[in-house]
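Colleague: Enclosed is the structure file input11.pdb (PDB, C-alpha atoms, pLDDT in the B column).
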```pdb
MODEL        1
ATOM      1  CA  MET A   1     -50.226 -24.179 -91.465  1.00 90.00           C
ATOM      2  CA  ILE A   2     -48.342 -24.670 -88.199  1.00 96.00           C
ATOM      3  CA  TYR A   3     -48.782 -21.947 -85.573  1.00 97.00           C
ATOM      4  CA  LEU A   4     -45.680 -21.815 -83.386  1.00 98.00           C
ATOM      5  CA  LYS A   5     -46.321 -20.646 -79.823  1.00 98.00           C
ATOM      6  CA  SER A   6     -44.259 -18.342 -77.643  1.00 98.00           C
ATOM      7  CA  ASP A   7     -43.267 -19.423 -74.153  1.00 98.00           C
ATOM      8  CA  ALA A   8     -45.873 -16.984 -72.791  1.00 98.00           C
ATOM      9  CA  GLU A   9     -48.569 -18.637 -74.903  1.00 98.00           C
ATOM     10  CA  ILE A  10     -47.396 -22.061 -73.747  1.00 98.00           C
ATOM     11  CA  ASP A  11     -47.664 -20.847 -70.145  1.00 98.00           C
ATOM     12  CA  THR A  12     -51.320 -19.999 -70.757  1.00 98.00           C
ATOM     13  CA  MET A  13     -51.869 -23.305 -72.537  1.00 98.00           C
ATOM     14  CA  LYS A  14     -50.463 -25.020 -69.476  1.00 98.00           C
ATOM     15  CA  GLU A  15     -53.224 -23.407 -67.414  1.00 98.00           C
ATOM     16  CA  SER A  16     -55.885 -24.851 -69.729  1.00 98.00           C
ATOM     17  CA  GLY A  17     -54.030 -28.160 -69.762  1.00 98.00           C
ATOM     18  CA  GLN A  18     -54.002 -28.313 -65.967  1.00 98.00           C
ATOM     19  CA  LEU A  19     -57.728 -27.639 -65.889  1.00 98.00           C
ATOM     20  CA  ALA A  20     -58.252 -30.507 -68.338  1.00 98.00           C
ATOM     21  CA  ALA A  21     -56.111 -32.779 -66.166  1.00 98.00           C
ATOM     22  CA  SER A  22     -57.964 -31.805 -62.997  1.00 98.00           C
ATOM     23  CA  THR A  23     -61.263 -32.533 -64.761  1.00 98.00           C
ATOM     24  CA  LEU A  24     -60.198 -36.132 -65.386  1.00 98.00           C
ATOM     25  CA  LYS A  25     -59.022 -36.485 -61.804  1.00 98.00           C
ATOM     26  CA  MET A  26     -62.336 -35.082 -60.542  1.00 98.00           C
ATOM     27  CA  ILE A  27     -64.525 -37.362 -62.656  1.00 98.00           C
ATOM     28  CA  GLU A  28     -62.747 -40.600 -61.738  1.00 98.00           C
ATOM     29  CA  GLU A  29     -64.747 -41.184 -58.545  1.00 98.00           C
ATOM     30  CA  TYR A  30     -67.979 -41.038 -60.559  1.00 98.00           C
ATOM     31  CA  VAL A  31     -66.904 -43.735 -63.034  1.00 98.00           C
ATOM     32  CA  THR A  32     -68.854 -46.544 -61.401  1.00 98.00           C
ATOM     33  CA  PRO A  33     -71.375 -49.173 -62.485  1.00 98.00           C
ATOM     34  CA  GLY A  34     -74.845 -47.724 -63.044  1.00 98.00           C
ATOM     35  CA  ILE A  35     -73.940 -44.150 -63.914  1.00 98.00           C
ATOM     36  CA  SER A  36     -74.905 -42.922 -67.376  1.00 98.00           C
ATOM     37  CA  THR A  37     -72.435 -41.284 -69.720  1.00 99.00           C
ATOM     38  CA  LEU A  38     -74.782 -38.281 -69.838  1.00 98.00           C
ATOM     39  CA  GLU A  39     -74.379 -37.857 -66.082  1.00 98.00           C
ATOM     40  CA  LEU A  40     -70.592 -37.914 -66.517  1.00 99.00           C
ATOM     41  CA  ASN A  41     -70.952 -35.299 -69.247  1.00 99.00           C
ATOM     42  CA  ASN A  42     -73.054 -33.030 -67.046  1.00 98.00           C
ATOM     43  CA  ILE A  43     -70.634 -33.252 -64.128  1.00 98.00           C
ATOM     44  CA  CYS A  44     -67.683 -32.347 -66.363  1.00 98.00           C
ATOM     45  CA  HIS A  45     -69.686 -29.565 -68.036  1.00 98.00           C
ATOM     46  CA  ASP A  46     -70.531 -27.949 -64.701  1.00 98.00           C
ATOM     47  CA  TYR A  47     -66.941 -28.322 -63.459  1.00 98.00           C
ATOM     48  CA  THR A  48     -65.613 -26.610 -66.579  1.00 98.00           C
ATOM     49  CA  LEU A  49     -67.989 -23.656 -66.259  1.00 98.00           C
ATOM     50  CA  LYS A  50     -67.235 -23.366 -62.541  1.00 98.00           C
ATOM     51  CA  HIS A  51     -63.579 -22.846 -63.456  1.00 98.00           C
ATOM     52  CA  ASN A  52     -64.366 -20.038 -65.910  1.00 98.00           C
ATOM     53  CA  ALA A  53     -63.768 -22.183 -68.971  1.00 98.00           C
ATOM     54  CA  ILE A  54     -65.800 -23.395 -71.937  1.00 98.00           C
ATOM     55  CA  PRO A  55     -66.148 -27.056 -73.035  1.00 98.00           C
ATOM     56  CA  ALA A  56     -64.710 -27.048 -76.560  1.00 98.00           C
ATOM     57  CA  PRO A  57     -66.534 -30.162 -77.864  1.00 98.00           C
ATOM     58  CA  LEU A  58     -70.004 -28.661 -77.260  1.00 98.00           C
ATOM     59  CA  ASN A  59     -71.392 -27.647 -80.673  1.00 98.00           C
ATOM     60  CA  TYR A  60     -67.995 -28.175 -82.321  1.00 98.00           C
ATOM     61  CA  LYS A  61     -68.985 -29.017 -85.901  1.00 98.00           C
ATOM     62  CA  GLY A  62     -72.342 -30.085 -84.481  1.00 98.00           C
ATOM     63  CA  PHE A  63     -71.093 -32.351 -81.668  1.00 98.00           C
ATOM     64  CA  PRO A  64     -73.945 -32.237 -79.130  1.00 98.00           C
ATOM     65  CA  LYS A  65     -72.181 -32.707 -75.778  1.00 98.00           C
ATOM     66  CA  SER A  66     -69.327 -31.310 -73.684  1.00 98.00           C
ATOM     67  CA  ILE A  67     -67.085 -34.396 -73.481  1.00 98.00           C
ATOM     68  CA  CYS A  68     -66.571 -37.615 -75.433  1.00 98.00           C
ATOM     69  CA  THR A  69     -67.374 -40.901 -73.671  1.00 99.00           C
ATOM     70  CA  SER A  70     -66.139 -43.990 -75.530  1.00 98.00           C
ATOM     71  CA  VAL A  71     -67.126 -47.304 -73.958  1.00 98.00           C
ATOM     72  CA  ASN A  72     -65.600 -50.720 -74.780  1.00 98.00           C
ATOM     73  CA  GLU A  73     -65.614 -51.076 -78.610  1.00 98.00           C
ATOM     74  CA  VAL A  74     -66.069 -47.335 -79.140  1.00 98.00           C
ATOM     75  CA  VAL A  75     -62.729 -46.023 -80.355  1.00 98.00           C
ATOM     76  CA  CYS A  76     -63.412 -42.300 -79.977  1.00 98.00           C
ATOM     77  CA  HIS A  77     -66.031 -39.521 -80.201  1.00 98.00           C
ATOM     78  CA  GLY A  78     -68.685 -41.422 -78.270  1.00 98.00           C
ATOM     79  CA  ILE A  79     -71.664 -39.169 -77.544  1.00 98.00           C
ATOM     80  CA  PRO A  80     -72.814 -39.084 -73.900  1.00 98.00           C
ATOM     81  CA  SER A  81     -76.313 -40.505 -73.494  1.00 98.00           C
ATOM     82  CA  ALA A  82     -78.820 -41.196 -70.733  1.00 98.00           C
ATOM     83  CA  LYS A  83     -79.308 -44.644 -72.300  1.00 98.00           C
ATOM     84  CA  THR A  84     -75.656 -45.668 -72.000  1.00 98.00           C
ATOM     85  CA  LYS A  85     -75.060 -46.809 -68.433  1.00 98.00           C
ATOM     86  CA  LEU A  86     -71.741 -48.191 -67.297  1.00 98.00           C
ATOM     87  CA  LYS A  87     -71.527 -51.838 -66.271  1.00 98.00           C
ATOM     88  CA  ASP A  88     -69.032 -53.701 -64.149  1.00 98.00           C
ATOM     89  CA  GLY A  89     -66.162 -54.799 -66.368  1.00 98.00           C
ATOM     90  CA  ASP A  90     -66.485 -51.946 -68.890  1.00 98.00           C
ATOM     91  CA  ILE A  91     -63.677 -49.662 -69.930  1.00 98.00           C
ATOM     92  CA  ILE A  92     -64.421 -46.046 -70.841  1.00 99.00           C
ATOM     93  CA  ASN A  93     -62.312 -43.310 -72.378  1.00 99.00           C
ATOM     94  CA  ILE A  94     -63.257 -39.822 -71.252  1.00 99.00           C
ATOM     95  CA  ASP A  95     -61.929 -37.038 -73.490  1.00 98.00           C
ATOM     96  CA  VAL A  96     -62.083 -33.452 -72.206  1.00 98.00           C
ATOM     97  CA  THR A  97     -61.047 -30.152 -73.780  1.00 98.00           C
ATOM     98  CA  PRO A  98     -61.709 -26.953 -71.867  1.00 98.00           C
ATOM     99  CA  ILE A  99     -61.023 -23.567 -73.451  1.00 98.00           C
ATOM    100  CA  TYR A 100     -59.418 -21.303 -70.840  1.00 98.00           C
ATOM    101  CA  LYS A 101     -58.142 -17.790 -71.583  1.00 98.00           C
ATOM    102  CA  GLY A 102     -58.684 -18.543 -75.255  1.00 98.00           C
ATOM    103  CA  PHE A 103     -56.530 -21.691 -75.397  1.00 98.00           C
ATOM    104  CA  HIS A 104     -57.495 -25.360 -75.578  1.00 98.00           C
ATOM    105  CA  GLY A 105     -56.290 -28.046 -73.172  1.00 98.00           C
ATOM    106  CA  ASP A 106     -56.900 -31.525 -74.590  1.00 98.00           C
ATOM    107  CA  THR A 107     -56.473 -34.794 -72.712  1.00 98.00           C
ATOM    108  CA  SER A 108     -58.127 -38.173 -72.278  1.00 98.00           C
ATOM    109  CA  LYS A 109     -57.833 -41.286 -70.167  1.00 98.00           C
ATOM    110  CA  THR A 110     -59.319 -44.764 -70.244  1.00 98.00           C
ATOM    111  CA  PHE A 111     -60.868 -45.769 -66.926  1.00 98.00           C
ATOM    112  CA  PHE A 112     -61.803 -49.160 -65.525  1.00 98.00           C
ATOM    113  CA  VAL A 113     -65.409 -49.652 -64.423  1.00 98.00           C
ATOM    114  CA  GLY A 114     -65.396 -52.120 -61.563  1.00 97.00           C
ATOM    115  CA  ASN A 115     -63.353 -55.198 -62.436  1.00 96.00           C
ATOM    116  CA  PRO A 116     -62.465 -55.563 -66.135  1.00 97.00           C
ATOM    117  CA  SER A 117     -60.973 -58.661 -67.744  1.00 98.00           C
ATOM    118  CA  GLU A 118     -57.232 -59.294 -67.786  1.00 98.00           C
ATOM    119  CA  LYS A 119     -57.253 -58.668 -71.541  1.00 97.00           C
ATOM    120  CA  ALA A 120     -58.894 -55.285 -70.996  1.00 98.00           C
ATOM    121  CA  LYS A 121     -56.371 -54.402 -68.300  1.00 98.00           C
ATOM    122  CA  LYS A 122     -53.474 -55.293 -70.592  1.00 98.00           C
ATOM    123  CA  LEU A 123     -54.950 -53.275 -73.466  1.00 98.00           C
ATOM    124  CA  VAL A 124     -55.411 -50.197 -71.289  1.00 98.00           C
ATOM    125  CA  GLU A 125     -51.950 -50.404 -69.723  1.00 98.00           C
ATOM    126  CA  THR A 126     -50.302 -50.986 -73.107  1.00 98.00           C
ATOM    127  CA  THR A 127     -52.112 -47.960 -74.511  1.00 98.00           C
ATOM    128  CA  ARG A 128     -51.020 -45.781 -71.606  1.00 98.00           C
ATOM    129  CA  LYS A 129     -47.402 -46.883 -71.921  1.00 98.00           C
ATOM    130  CA  SER A 130     -47.432 -46.419 -75.707  1.00 98.00           C
ATOM    131  CA  LEU A 131     -48.413 -42.771 -75.210  1.00 98.00           C
ATOM    132  CA  TYR A 132     -45.387 -42.163 -73.008  1.00 98.00           C
ATOM    133  CA  LEU A 133     -43.089 -43.992 -75.413  1.00 98.00           C
ATOM    134  CA  GLY A 134     -44.343 -41.634 -78.123  1.00 98.00           C
ATOM    135  CA  ILE A 135     -43.748 -38.618 -75.883  1.00 98.00           C
ATOM    136  CA  GLU A 136     -40.163 -39.749 -75.283  1.00 98.00           C
ATOM    137  CA  GLU A 137     -39.494 -39.254 -79.015  1.00 98.00           C
ATOM    138  CA  VAL A 138     -40.509 -35.573 -78.915  1.00 98.00           C
ATOM    139  CA  LYS A 139     -37.548 -33.221 -79.213  1.00 98.00           C
ATOM    140  CA  ALA A 140     -36.637 -30.275 -81.412  1.00 98.00           C
ATOM    141  CA  GLY A 141     -35.041 -31.527 -84.607  1.00 98.00           C
ATOM    142  CA  ALA A 142     -36.421 -35.062 -84.333  1.00 98.00           C
ATOM    143  CA  ARG A 143     -38.550 -36.519 -87.100  1.00 98.00           C
ATOM    144  CA  ILE A 144     -42.269 -36.623 -86.495  1.00 98.00           C
ATOM    145  CA  GLY A 145     -42.416 -40.246 -87.704  1.00 98.00           C
ATOM    146  CA  ASN A 146     -40.428 -41.320 -84.642  1.00 98.00           C
ATOM    147  CA  ILE A 147     -43.495 -40.753 -82.465  1.00 98.00           C
ATOM    148  CA  GLY A 148     -45.718 -43.141 -84.385  1.00 98.00           C
ATOM    149  CA  ALA A 149     -42.902 -45.646 -84.853  1.00 98.00           C
ATOM    150  CA  ALA A 150     -42.341 -45.946 -81.108  1.00 98.00           C
ATOM    151  CA  ILE A 151     -46.062 -46.360 -80.421  1.00 98.00           C
ATOM    152  CA  GLN A 152     -46.612 -48.897 -83.194  1.00 98.00           C
ATOM    153  CA  GLU A 153     -43.532 -50.951 -82.352  1.00 98.00           C
ATOM    154  CA  TYR A 154     -44.528 -51.399 -78.730  1.00 98.00           C
ATOM    155  CA  ALA A 155     -48.275 -51.874 -79.301  1.00 98.00           C
ATOM    156  CA  GLU A 156     -47.858 -54.537 -81.961  1.00 98.00           C
ATOM    157  CA  ALA A 157     -45.212 -56.367 -79.919  1.00 98.00           C
ATOM    158  CA  GLU A 158     -47.830 -56.616 -77.150  1.00 98.00           C
ATOM    159  CA  GLY A 159     -50.383 -58.089 -79.572  1.00 98.00           C
ATOM    160  CA  PHE A 160     -52.555 -55.035 -80.228  1.00 98.00           C
ATOM    161  CA  SER A 161     -53.223 -52.913 -83.304  1.00 98.00           C
ATOM    162  CA  VAL A 162     -52.965 -49.130 -83.730  1.00 98.00           C
ATOM    163  CA  VAL A 163     -55.845 -47.127 -85.199  1.00 98.00           C
ATOM    164  CA  ARG A 164     -54.872 -45.252 -88.387  1.00 98.00           C
ATOM    165  CA  GLU A 165     -57.961 -43.157 -89.104  1.00 97.00           C
ATOM    166  CA  PHE A 166     -57.698 -40.846 -86.092  1.00 98.00           C
ATOM    167  CA  VAL A 167     -54.541 -38.948 -85.234  1.00 98.00           C
ATOM    168  CA  GLY A 168     -53.039 -36.371 -82.897  1.00 98.00           C
ATOM    169  CA  HIS A 169     -52.995 -32.731 -83.934  1.00 98.00           C
ATOM    170  CA  GLY A 170     -51.616 -29.282 -83.352  1.00 98.00           C
ATOM    171  CA  ILE A 171     -53.611 -27.236 -80.882  1.00 98.00           C
ATOM    172  CA  GLY A 172     -53.788 -23.695 -79.527  1.00 98.00           C
ATOM    173  CA  THR A 173     -56.488 -21.072 -79.927  1.00 98.00           C
ATOM    174  CA  ASN A 174     -57.857 -23.534 -82.472  1.00 98.00           C
ATOM    175  CA  PHE A 175     -59.066 -26.991 -81.431  1.00 98.00           C
ATOM    176  CA  HIS A 176     -57.311 -28.671 -84.360  1.00 98.00           C
ATOM    177  CA  GLU A 177     -54.245 -27.337 -86.175  1.00 98.00           C
ATOM    178  CA  ASP A 178     -51.275 -28.726 -88.057  1.00 97.00           C
ATOM    179  CA  PRO A 179     -49.263 -30.845 -87.745  1.00 97.00           C
ATOM    180  CA  GLN A 180     -51.045 -34.174 -87.748  1.00 98.00           C
ATOM    181  CA  ILE A 181     -49.427 -36.715 -85.435  1.00 98.00           C
ATOM    182  CA  MET A 182     -49.714 -40.260 -86.738  1.00 98.00           C
ATOM    183  CA  HIS A 183     -49.575 -43.086 -84.208  1.00 98.00           C
ATOM    184  CA  THR A 184     -47.918 -45.400 -86.696  1.00 98.00           C
ATOM    185  CA  GLY A 185     -44.800 -44.629 -88.679  1.00 97.00           C
ATOM    186  CA  LYS A 186     -41.123 -45.191 -89.355  1.00 98.00           C
ATOM    187  CA  TYR A 187     -38.123 -43.787 -87.560  1.00 98.00           C
ATOM    188  CA  GLY A 188     -36.350 -40.998 -89.394  1.00 98.00           C
ATOM    189  CA  GLN A 189     -39.296 -40.057 -91.600  1.00 98.00           C
ATOM    190  CA  GLY A 190     -41.587 -37.029 -91.703  1.00 97.00           C
ATOM    191  CA  MET A 191     -41.129 -33.351 -90.928  1.00 97.00           C
ATOM    192  CA  ARG A 192     -38.812 -32.163 -88.185  1.00 98.00           C
ATOM    193  CA  LEU A 193     -40.228 -31.025 -84.867  1.00 98.00           C
ATOM    194  CA  GLU A 194     -39.288 -27.512 -83.757  1.00 98.00           C
ATOM    195  CA  GLU A 195     -39.480 -25.124 -80.835  1.00 98.00           C
ATOM    196  CA  GLY A 196     -42.903 -23.563 -80.382  1.00 98.00           C
ATOM    197  CA  MET A 197     -44.872 -26.589 -81.548  1.00 98.00           C
ATOM    198  CA  VAL A 198     -47.776 -27.676 -79.359  1.00 98.00           C
ATOM    199  CA  PHE A 199     -49.710 -30.816 -80.275  1.00 98.00           C
ATOM    200  CA  THR A 200     -51.559 -33.821 -78.936  1.00 98.00           C
ATOM    201  CA  ILE A 201     -50.442 -37.422 -78.973  1.00 98.00           C
ATOM    202  CA  GLU A 202     -53.452 -39.689 -78.490  1.00 98.00           C
ATOM    203  CA  PRO A 203     -52.899 -43.326 -79.491  1.00 98.00           C
ATOM    204  CA  MET A 204     -55.925 -45.578 -79.858  1.00 98.00           C
ATOM    205  CA  LEU A 205     -55.121 -49.269 -79.541  1.00 99.00           C
ATOM    206  CA  ASN A 206     -57.510 -52.075 -80.472  1.00 98.00           C
ATOM    207  CA  GLU A 207     -57.786 -55.594 -79.138  1.00 98.00           C
ATOM    208  CA  GLY A 208     -58.423 -56.842 -82.676  1.00 98.00           C
ATOM    209  CA  HIS A 209     -58.049 -55.214 -86.109  1.00 97.00           C
ATOM    210  CA  TRP A 210     -57.099 -51.550 -86.380  1.00 98.00           C
ATOM    211  CA  LYS A 211     -59.945 -50.700 -88.754  1.00 98.00           C
ATOM    212  CA  THR A 212     -62.857 -48.601 -87.508  1.00 98.00           C
ATOM    213  CA  LYS A 213     -66.244 -47.475 -88.749  1.00 98.00           C
ATOM    214  CA  VAL A 214     -68.344 -44.436 -87.899  1.00 98.00           C
ATOM    215  CA  LEU A 215     -71.965 -44.952 -86.860  1.00 98.00           C
ATOM    216  CA  LYS A 216     -74.965 -43.180 -88.372  1.00 98.00           C
ATOM    217  CA  ASP A 217     -74.743 -40.356 -85.829  1.00 98.00           C
ATOM    218  CA  GLY A 218     -71.700 -39.172 -87.779  1.00 98.00           C
ATOM    219  CA  TRP A 219     -69.439 -39.158 -84.716  1.00 98.00           C
ATOM    220  CA  THR A 220     -69.203 -42.447 -82.841  1.00 98.00           C
ATOM    221  CA  ALA A 221     -66.301 -44.519 -84.177  1.00 98.00           C
ATOM    222  CA  ILE A 222     -66.225 -48.204 -83.259  1.00 98.00           C
ATOM    223  CA  THR A 223     -63.870 -51.087 -83.956  1.00 98.00           C
ATOM    224  CA  SER A 224     -64.817 -52.894 -87.170  1.00 98.00           C
ATOM    225  CA  ASP A 225     -64.795 -56.249 -85.336  1.00 98.00           C
ATOM    226  CA  ARG A 226     -66.516 -54.918 -82.177  1.00 98.00           C
ATOM    227  CA  LYS A 227     -63.509 -55.788 -80.011  1.00 98.00           C
ATOM    228  CA  LEU A 228     -62.209 -53.486 -77.286  1.00 98.00           C
ATOM    229  CA  SER A 229     -60.410 -50.198 -77.871  1.00 98.00           C
ATOM    230  CA  ALA A 230     -58.522 -47.916 -75.469  1.00 99.00           C
ATOM    231  CA  GLN A 231     -57.016 -44.441 -75.730  1.00 99.00           C
ATOM    232  CA  PHE A 232     -54.852 -42.027 -73.754  1.00 98.00           C
ATOM    233  CA  GLU A 233     -54.009 -38.445 -74.727  1.00 98.00           C
ATOM    234  CA  HIS A 234     -51.743 -35.616 -73.635  1.00 98.00           C
ATOM    235  CA  THR A 235     -50.975 -32.159 -75.001  1.00 98.00           C
ATOM    236  CA  ILE A 236     -47.225 -31.666 -75.525  1.00 98.00           C
ATOM    237  CA  ALA A 237     -45.229 -28.442 -75.980  1.00 98.00           C
ATOM    238  CA  ILE A 238     -41.668 -27.763 -77.132  1.00 98.00           C
ATOM    239  CA  ARG A 239     -40.449 -24.536 -75.520  1.00 98.00           C
ATOM    240  CA  SER A 240     -37.983 -22.047 -77.021  1.00 98.00           C
ATOM    241  CA  ASP A 241     -35.072 -23.652 -75.156  1.00 98.00           C
ATOM    242  CA  GLY A 242     -35.994 -27.105 -76.453  1.00 98.00           C
ATOM    243  CA  THR A 243     -37.610 -28.245 -73.205  1.00 98.00           C
ATOM    244  CA  VAL A 244     -40.446 -30.701 -73.807  1.00 98.00           C
ATOM    245  CA  GLU A 245     -43.392 -30.339 -71.454  1.00 98.00           C
ATOM    246  CA  ILE A 246     -46.579 -32.375 -70.939  1.00 98.00           C
ATOM    247  CA  LEU A 247     -49.113 -29.591 -70.409  1.00 98.00           C
ATOM    248  CA  THR A 248     -51.937 -31.929 -69.394  1.00 98.00           C
ATOM    249  CA  GLU A 249     -50.072 -33.950 -66.777  1.00 98.00           C
ATOM    250  CA  LEU A 250     -51.407 -32.868 -63.392  1.00 97.00           C
ATOM    251  CA  ILE A 251     -48.827 -31.090 -61.267  1.00 92.00           C
TER
ENDMDL
END
```
Please express what this file holds, its structure, as structure tokens.

Modeller:
Amino acid sequence: MIYLKSDAEIDTMKESGQLAASTLKMIEEYVTPGISTLELNNICHDYTLKHNAIPAPLNYKGFPKSICTSVNEVVCHGIPSAKTKLKDGDIINIDVTPIYKGFHGDTSKTFFVGNPSEKAKKLVETTRKSLYLGIEEVKAGARIGNIGAAIQEYAEAEGFSVVREFVGHGIGTNFHEDPQIMHTGKYGQGMRLEEGMVFTIEPMLNEGHWKTKVLKDGWTAITSDRKLSAQFEHTIAIRSDGTVEILTELI
């Protein structure tokens, strides 16, 4: 079921989205060689509480930490750990979702650790651009398949693959709602977007094959061929007048 939001609800969601965005901006200076992903988690956790919000991932269906930290071949849902320390040349996606005034703000970004390879830089930049190409397809009345088609077309033209198993999603007072937002697709297919929809677009692009596998912890998803993966995510809203807004882009 799709829960359409009023403009007032979207205004509140923008507050949670801005907190999520400021969390990523805050944590960037700490993303350096030698720091553990658990330390990054703890910094983000404290920042969230300081701003009168709750970290949604913590205890969500048993997830044990407050953010997701996905390093190199980890596609998504990496669990912060004291054992995982960043090294020069790594890439890391940090995914944050504070709950503020009852609404979720969901965003993620892939950061460079020190000096990554040219291939890693291209993967990350292609992933970032593919997100914005997907966002450009969001408008009331447009087909939902246009989003995935734009992402897939660009990513594959640049020599990368698009993960199928993990998708964007509706969001609001619930962490995950309908509709699902595929990052692959065909133009002109799928349901029509409408005013009041709020959802994430969060493409994951792989250096090699698009297939993934989940580790024994039940959360950490890695590339099947152990090659690099990158991800970027924003929460998008369509207001009652048809205006499309990126709620998690820092103002």

Colleague: As a check of understanding, name the residues that the PyMOL selection byres ((chain A and resi 241) around 12) selects in the supplied structure, as an mmCIF file with C-alpha atoms, in the frame of the given file.

Modeller:
```
data_model
loop_
_atom_site.group_PDB
_atom_site.id
_atom_site.type_symbol
_atom_site.label_atom_id
_atom_site.label_comp_id
_atom_site.auth_asym_id
_atom_site.auth_seq_id
_atom_site.Cartn_x
_atom_site.Cartn_y
_atom_site.Cartn_z
ATOM 1 C CA SER A 6 -44.259 -18.342 -77.643
ATOM 2 C CA ASP A 7 -43.267 -19.423 -74.153
ATOM 3 C CA LYS A 139 -37.548 -33.221 -79.213
ATOM 4 C CA ALA A 140 -36.637 -30.275 -81.412
ATOM 5 C CA GLU A 194 -39.288 -27.512 -83.757
ATOM 6 C CA GLU A 195 -39.480 -25.124 -80.835
ATOM 7 C CA GLY A 196 -42.903 -23.563 -80.382
ATOM 8 C CA ALA A 237 -45.229 -28.442 -75.980
ATOM 9 C CA ILE A 238 -41.668 -27.763 -77.132
ATOM 10 C CA ARG A 239 -40.449 -24.536 -75.520
ATOM 11 C CA SER A 240 -37.983 -22.047 -77.021
ATOM 12 C CA GLY A 242 -35.994 -27.105 -76.453
ATOM 13 C CA THR A 243 -37.610 -28.245 -73.205
ATOM 14 C CA VAL A 244 -40.446 -30.701 -73.807
ATOM 15 C CA GLU A 245 -43.392 -30.339 -71.454
#
```

Colleague: Point out the residue among A:Ile201, A:Ala230, A:Ala221, A:Ile54 with the least atom-to-atom distance to Asn72 (chain A), counting all atoms listed in the file.

Modeller: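 Nearest candidate to Asn72 (chain A) out of A:Ile201, A:Ala230, A:Ala221, A:Ile54: A:Ala230.
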
Colleague: Give me, as number ranges by chain, all polymer residues having an atom no more than 12 Å from Leu58 (chain A), counting only C-alpha atoms and skipping those fewer than 6 positions away in the same chain.

Modeller: A: 41-42, 44-45, 48, 64-68, 77, 79-80, 96-99, 175

Colleague: So that I have them on file, write out the residues from the current selection with C-alpha atoms, as a CSV table (one decimal), keeping the file's coordinate frame.

Modeller:
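Written out: part.csv:
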```csv
chain,number,residue,atom,x,y,z
A,41,ASN,CA,-71.0,-35.3,-69.2
A,42,ASN,CA,-73.1,-33.0,-67.0
A,44,CYS,CA,-67.7,-32.3,-66.4
A,45,HIS,CA,-69.7,-29.6,-68.0
A,48,THR,CA,-65.6,-26.6,-66.6
A,64,PRO,CA,-73.9,-32.2,-79.1
A,65,LYS,CA,-72.2,-32.7,-75.8
A,66,SER,CA,-69.3,-31.3,-73.7
A,67,ILE,CA,-67.1,-34.4,-73.5
A,68,CYS,CA,-66.6,-37.6,-75.4
A,77,HIS,CA,-66.0,-39.5,-80.2
A,79,ILE,CA,-71.7,-39.2,-77.5
A,80,PRO,CA,-72.8,-39.1,-73.9
A,96,VAL,CA,-62.1,-33.5,-72.2
A,97,THR,CA,-61.0,-30.2,-73.8
A,98,PRO,CA,-61.7,-27.0,-71.9
A,99,ILE,CA,-61.0,-23.6,-73.5
A,175,PHE,CA,-59.1,-27.0,-81.4
```

Colleague: Have a look at A:Lys87, A:His234, A:Lys121, A:Lys216 and name the one nearest to Gly170 (chain A); count all atoms listed in the file.

Modeller: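 The shortest atom-to-atom distance to Gly170 (chain A) comes from A:His234.
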
Colleague: Quick one: of A:Gly134, A:Gly114, A:Gly102, A:Gly148, who's nearest to Glu15 (chain A), counting only C-alpha atoms?

Modeller: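 Going through A:Gly134, A:Gly114, A:Gly102, A:Gly148 one by one, the smallest distance to Glu15 (chain A) is for A:Gly102.
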
Colleague: Exactly which residues make up the result of the PyMOL selection byres ((chain A and resi 166) around 10) on this file, given as a ChimeraX atom specification?

Modeller: /A:75-76,162-165,167-169,180-183,202-204,212,221

Colleague: Of the residues A:Leu4, A:Val124, A:Ile251, A:Leu19, which is the one nearest to Ser229 (chain A), using all atoms listed in the file?

Modeller: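 Distance minimum relative to Ser229 (chain A) lands on A:Val124.
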
Colleague: Generate a file for region 196-209 of chain A, containing C-alpha atoms, as a compact mmCIF listing (two decimals), in the first residue's frame.

Modeller:
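Output below, filename selection_12.txt:
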```
# COMPACT_ATOMS: atom_id res chain seq x y z
CA GLY A 196 2.20 12.90 -2.38
CA MET A 197 4.65 10.08 -3.08
CA VAL A 198 7.87 10.09 -1.07
CA PHE A 199 10.52 7.46 -1.81
CA THR A 200 14.22 6.75 -1.98
CA ILE A 201 16.33 6.26 -5.07
CA GLU A 202 19.55 4.48 -4.13
CA PRO A 203 21.43 2.90 -7.05
CA MET A 204 24.20 0.42 -6.29
CA LEU A 205 26.70 0.03 -9.11
CA ASN A 206 29.29 -2.74 -9.31
CA GLU A 207 32.68 -2.80 -10.97
CA GLY A 208 32.00 -6.36 -12.13
CA HIS A 209 28.83 -8.50 -12.22
```
